[in-house]
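Accompanying notes for the structure given below.
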Amino acid sequence: MGSILAMLLICVLLGEQCATVTKVWLPNTNYGNTANWDKRRVPCSSDHVQLNQGKALAVSLRSVHTLKSLSLPVDGELIFYHGAELHFADALNSDSDTPEFCRDSGDIHFVATVQDWYKPSNWQDDTLKALSNVILHIDNVPCIHDTAIFPKENSFLVKSSNPIKVAAIVLNGQRQSSKSFKDFCTSEPGSLQFNLTDFADITSVNCKDQTGCTCGNLKFAETICSHVKCKEPACSWPFKPEGSCCDICGTLLKLNVGENFNMDRYRDLVMNISLTEYDGVSLGTSKTEKGFVQMVLTDEENGRKAQVAAQNLREMITSEKAFGVASTQVLAQSSIKVTVAKQTGKPKSSMIIPLAVGLSILLLFILIAVLFLIFRRNKKKQSCTFAPVILDDHLEMDELDSLQNSPKACDEFSDKAVFAVNNPLYESATEWK
């Protein structure tokens with residue numbers, strides 16, 4: 001609780017310094033970035049570096065590098081920042097001098113690809129300084145009142161087929177206007193890094209409503225979500241909050257805010273509290289298109305941890321006046337009943353169908369057995385009834401009657417019966433002779 005109060009005090013003292021939302025672009029085309037090479041390592045002195053991947057690009061260098069040879073693209077540039085040098089080795093190093101990670105030396109290819117502005121994972125909220133599990137994908141792309149930052153001494157490969165509208169863009173440490181950014185994008189060096197169908201609209205307008213403003217990216221939801229791969233939720237009844245591309249497990253809260261509610265201070269506070277106090281729980285908060293503030297909590301399991309965190313946060317943010325939240329309302333909550341296998345939609349058990357089939361087969365077997373016993377019993381009775389047609393000469397009529405009227409005597413009767421029939425015609429023929 002002490003850490004929570006400390007964060008409250010810091011943000012109150014800083015005031016508007018907590019209010020700016022900045023989002024940093026993550027991918028780059030830097031020479032020293034291991035992710036940009038097919039061998040997932042920086043080129044060694046015994047490597048033949050291949051930058052000619054068939055498209056125009058800019059590659060930035062920020063330190064000293066040694067290589068065997070270099071193949072450049074037809075259209076492109078190498079940007080040398082302060083302290084950057086590129087050396088060529090005169091001869092291959094001996095095996096004893098070659099580092100272990102360079103044992104596979106030879107051709108090494110630059111494989112950085114063009115990245116879409118509207119891909120959520122390309123951006124990081126600078127407030128948190130970490131790329132946590134993104135919940136509200138649409139809000140993770142710079143909103144119309146956000147500042148988009150492209151880090152200094154980096155090169156990029158950015159594209160967009162949709163219009164861009166933000167409050168500010170910072171490139172190479174300099175704040176851009178719509179005109180200056182357009183001039184850079186249309187220049188020869190800038191065209192190697194930015195391929196935009198429509199030029200960015202930089203408004204310099206921050207959110208005027210302290211209770212928060214809508215992001216403005218919902219109209220680009222189809223494009224944004226096309227870059228998102230969703231996991232199947234592990235709970236029985238997942239839900240999809242506004243701004244998310246995926247169904248999630250957890251809790252969705254609606255905040256009834258007061259006049260002193262400040263979205264930016266509240267957002268920074270709650271996000272930091274969730275990271276420090278609730279391990280494994282991710283949290284997202286935003287102003288929805290319907291005009292209310294939502295808080296979304298989820299986790300990587302079935303939402304159970306998120307529900308516990310939601311309950312604790314509900315009590316805290318309504319009791320602490322610094323948050324400016326009058327009350328909260330649960331809009332959606334996934335079931336805490338966990339399914340054995342991953343599934344979506346309504347809960348179902350994998351044992352229901354096999355059990356039903358088994359019971360059906362068992363009932364059918366019992367029915368066949370009963371019918372067989374009835375049929376056999378009737379057949380036995382009939383064998384006793386027609387016994388007179390196969391009588392032995394030594395069996396008396398009185399004895400026959402007693403056998404026919406006694407079920408237990410059927411077996412005994414069959415022992416005494418002779419399975420031969422006297423032919424009257426044969427007897428007549430004998431007498432005639």
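Going by the structure tokens order, chains are called A, B, ..., each with residues numbered from 1, while ligands are numbered from 1 in the order shown.
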Any chance you could list, as a PyMOL selection string, the residues in segment 39-161 of chain A that come up strand (DSSP E or B) when DSSP is run on the backbone?
-> chain A and resi 48-50+57-61+64-67+69-71+76-80+85-88+107-110+115-116+123-125+147-150+158-160
Would you kindly return, as JSON, numbers by chain, each protein, DNA or RNA residue with an atom no farther than 9 Å from any atom of segment 102-105 of chain A, considering only C-alpha atoms and excluding same-chain residues fewer than 4 positions away?
-> {"A": [39, 41, 43, 44, 45, 46, 47, 48, 95, 98]}
DSSP says alpha helix (DSSP H) for which residues of segment 119-227 of chain A? Put them as a ChimeraX atom specification?
-> /A:137-140,178-186,188-191,221-225
Long-range neighbours of Ser63 of chain A as a list in words, 12 Å cut-off, only C-alpha atoms, 3 positions minimum in chain |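 Non-adjacent residues within range: Asn30, Tyr31, Gly32, Asn33, Val42, Ser60, Thr66, Ile79, Phe80, Tyr81, His82, Gly83, Ala84, Glu85, Leu86, His87 and Glu153 of chain A.
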Residues at most 12 Å from Arg175 of chain A, counting only C-alpha atoms, excluding those fewer than 3 positions away in the same chain, as a ChimeraX atom specification?
-> /A:147-152,167-172,178-181,202,204
Contacts of Val158 of chain A at 10 Å (only C-alpha atoms; same-chain gap of 5+ positions) as a list in words = Trp25, Pro27, Asn28, Thr113, Val114, Gln115, Asp116, Trp117, Tyr118, Ser191, Leu192, Gln193, Phe194, Asn195 and Leu196 of chain A
Contacts of Ile138 of chain A at 12 Å or less, counting only C-alpha atoms, minus same-chain residues fewer than 6 places along, as number ranges by chain?
-> A: 117-121, 123, 144, 214-228, 241-246, 284-286, 288
Next, dump the selected residues to file, keeping only N, CA, C and O atoms, as a CSV table (one decimal), in the first residue's frame.
```
chain,number,residue,atom,x,y,z
A,117,TRP,N,2.5,1.0,-40.2
A,117,TRP,CA,2.2,2.0,-39.1
A,117,TRP,C,1.1,1.4,-38.2
A,117,TRP,O,1.2,1.6,-37.0
A,118,TYR,N,0.1,0.7,-38.8
A,118,TYR,CA,-1.1,0.3,-38.0
A,118,TYR,C,-0.9,-1.1,-37.4
A,118,TYR,O,-1.9,-1.8,-37.1
A,119,LYS,N,0.3,-1.6,-37.3
A,119,LYS,CA,0.5,-2.9,-36.6
A,119,LYS,C,0.8,-2.6,-35.2
A,119,LYS,O,1.8,-2.0,-34.8
A,120,PRO,N,-0.1,-3.1,-34.3
A,120,PRO,CA,0.0,-2.7,-32.8
A,120,PRO,C,1.3,-3.1,-32.2
A,120,PRO,O,1.8,-2.3,-31.4
A,121,SER,N,1.9,-4.2,-32.5
A,121,SER,CA,3.2,-4.6,-31.9
A,121,SER,C,4.4,-3.8,-32.3
A,121,SER,O,5.5,-3.9,-31.8
A,123,TRP,N,4.5,-0.7,-31.9
A,123,TRP,CA,4.6,0.5,-31.0
A,123,TRP,C,4.6,0.1,-29.5
A,123,TRP,O,4.1,-1.0,-29.1
A,144,ILE,N,-5.3,9.9,-32.0
A,144,ILE,CA,-5.2,11.2,-32.6
A,144,ILE,C,-4.7,12.3,-31.7
A,144,ILE,O,-4.3,13.4,-32.1
A,214,THR,N,-11.7,9.6,-26.9
A,214,THR,CA,-11.6,8.4,-27.6
A,214,THR,C,-10.4,8.4,-28.5
A,214,THR,O,-9.9,9.4,-28.9
A,215,CYS,N,-9.9,7.2,-28.8
A,215,CYS,CA,-8.6,7.0,-29.5
A,215,CYS,C,-8.7,7.5,-31.0
A,215,CYS,O,-7.9,8.2,-31.5
A,216,GLY,N,-9.8,7.2,-31.6
A,216,GLY,CA,-10.0,7.6,-33.0
A,216,GLY,C,-9.6,6.6,-34.0
A,216,GLY,O,-9.6,6.8,-35.2
A,217,ASN,N,-9.1,5.4,-33.6
A,217,ASN,CA,-8.6,4.4,-34.5
A,217,ASN,C,-9.6,3.3,-34.8
A,217,ASN,O,-9.2,2.4,-35.6
A,218,LEU,N,-10.8,3.4,-34.2
A,218,LEU,CA,-11.7,2.3,-34.4
A,218,LEU,C,-12.1,2.1,-35.8
A,218,LEU,O,-12.4,1.0,-36.3
A,219,LYS,N,-12.1,3.1,-36.6
A,219,LYS,CA,-12.4,3.0,-38.1
A,219,LYS,C,-11.3,2.2,-38.8
A,219,LYS,O,-11.6,1.8,-40.0
A,220,PHE,N,-10.1,2.1,-38.2
A,220,PHE,CA,-9.1,1.3,-38.9
A,220,PHE,C,-8.9,-0.1,-38.2
A,220,PHE,O,-7.9,-0.7,-38.4
A,221,ALA,N,-10.0,-0.5,-37.5
A,221,ALA,CA,-9.9,-1.8,-36.8
A,221,ALA,C,-9.6,-3.0,-37.7
A,221,ALA,O,-8.8,-3.9,-37.3
A,222,GLU,N,-10.1,-3.0,-38.9
A,222,GLU,CA,-9.9,-4.1,-39.8
A,222,GLU,C,-8.4,-4.3,-40.1
A,222,GLU,O,-7.8,-5.3,-40.1
A,223,THR,N,-7.8,-3.1,-40.5
A,223,THR,CA,-6.4,-3.1,-40.8
A,223,THR,C,-5.5,-3.5,-39.6
A,223,THR,O,-4.6,-4.3,-39.7
A,224,ILE,N,-5.8,-2.9,-38.4
A,224,ILE,CA,-5.1,-3.2,-37.2
A,224,ILE,C,-5.2,-4.6,-36.8
A,224,ILE,O,-4.2,-5.3,-36.5
A,225,CYS,N,-6.4,-5.2,-36.8
A,225,CYS,CA,-6.6,-6.6,-36.4
A,225,CYS,C,-6.0,-7.6,-37.4
A,225,CYS,O,-5.8,-8.7,-37.0
A,226,SER,N,-5.8,-7.2,-38.6
A,226,SER,CA,-5.2,-8.1,-39.6
A,226,SER,C,-3.8,-8.4,-39.2
A,226,SER,O,-3.2,-9.4,-39.7
A,227,HIS,N,-3.2,-7.6,-38.4
A,227,HIS,CA,-1.8,-7.9,-37.9
A,227,HIS,C,-1.7,-8.6,-36.6
A,227,HIS,O,-0.6,-8.9,-36.1
A,228,VAL,N,-2.9,-9.0,-36.1
A,228,VAL,CA,-2.9,-9.6,-34.7
A,228,VAL,C,-3.3,-11.1,-34.9
A,228,VAL,O,-4.3,-11.4,-35.5
A,241,PRO,N,-13.6,-6.7,-25.4
A,241,PRO,CA,-13.8,-5.3,-25.0
A,241,PRO,C,-13.6,-4.4,-26.3
A,241,PRO,O,-12.9,-4.8,-27.2
A,242,GLU,N,-14.1,-3.2,-26.2
A,242,GLU,CA,-13.9,-2.2,-27.3
A,242,GLU,C,-12.4,-1.9,-27.4
A,242,GLU,O,-11.7,-1.6,-26.4
A,243,GLY,N,-11.8,-2.0,-28.6
A,243,GLY,CA,-10.4,-1.7,-28.8
A,243,GLY,C,-9.5,-3.0,-28.9
A,243,GLY,O,-8.4,-2.9,-29.3
A,244,SER,N,-10.1,-4.1,-28.5
A,244,SER,CA,-9.4,-5.4,-28.6
A,244,SER,C,-9.7,-6.1,-29.8
A,244,SER,O,-10.9,-6.1,-30.3
A,245,CYS,N,-8.8,-6.8,-30.4
A,245,CYS,CA,-9.0,-7.6,-31.6
A,245,CYS,C,-9.4,-9.1,-31.2
A,245,CYS,O,-9.8,-9.9,-32.1
A,246,CYS,N,-9.2,-9.4,-30.0
A,246,CYS,CA,-9.3,-10.8,-29.5
A,246,CYS,C,-10.3,-11.0,-28.4
A,246,CYS,O,-10.5,-10.0,-27.6
A,284,GLY,N,-5.7,-2.7,-19.3
A,284,GLY,CA,-5.8,-1.7,-20.3
A,284,GLY,C,-7.0,-0.8,-19.9
A,284,GLY,O,-8.0,-1.3,-19.3
A,285,THR,N,-6.9,0.5,-20.2
A,285,THR,CA,-8.0,1.4,-19.9
A,285,THR,C,-8.1,2.4,-21.0
A,285,THR,O,-7.1,2.8,-21.6
A,286,SER,N,-9.3,2.8,-21.3
A,286,SER,CA,-9.6,3.8,-22.4
A,286,SER,C,-10.9,4.4,-22.2
A,286,SER,O,-11.8,3.9,-21.5
A,288,THR,N,-14.3,4.9,-24.2
A,288,THR,CA,-14.9,4.2,-25.3
A,288,THR,C,-15.7,5.2,-26.2
A,288,THR,O,-15.9,6.3,-25.9
```
Non-local contacts of Phe292 of chain A (10 Å; only C-alpha atoms; under 5 positions in same chain excluded) as a list in words =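 Within the cut-off, the hits are Thr211, Gly212, Cys213, Thr214, Lys254, Leu255, Asn256, Val257, Ser286 and Lys287 of chain A.
For the pair atom CA of Asp75 of chain A and atom CA of Phe184 of chain A, the interatomic distance is 17.3 Å.
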Kindly give the distance, in Å, that separates atom CA of Glu232 of chain A and atom CA of Cys249 of chain A, rounded to a single decimal.
->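 These atoms are spaced 9.9 Å apart.
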Could you check which of A:Pro189, A:Pro142, A:Pro233, A:Gly291 is closest to Gly76 of chain A, using only C-alpha atoms?
-> A:Pro189
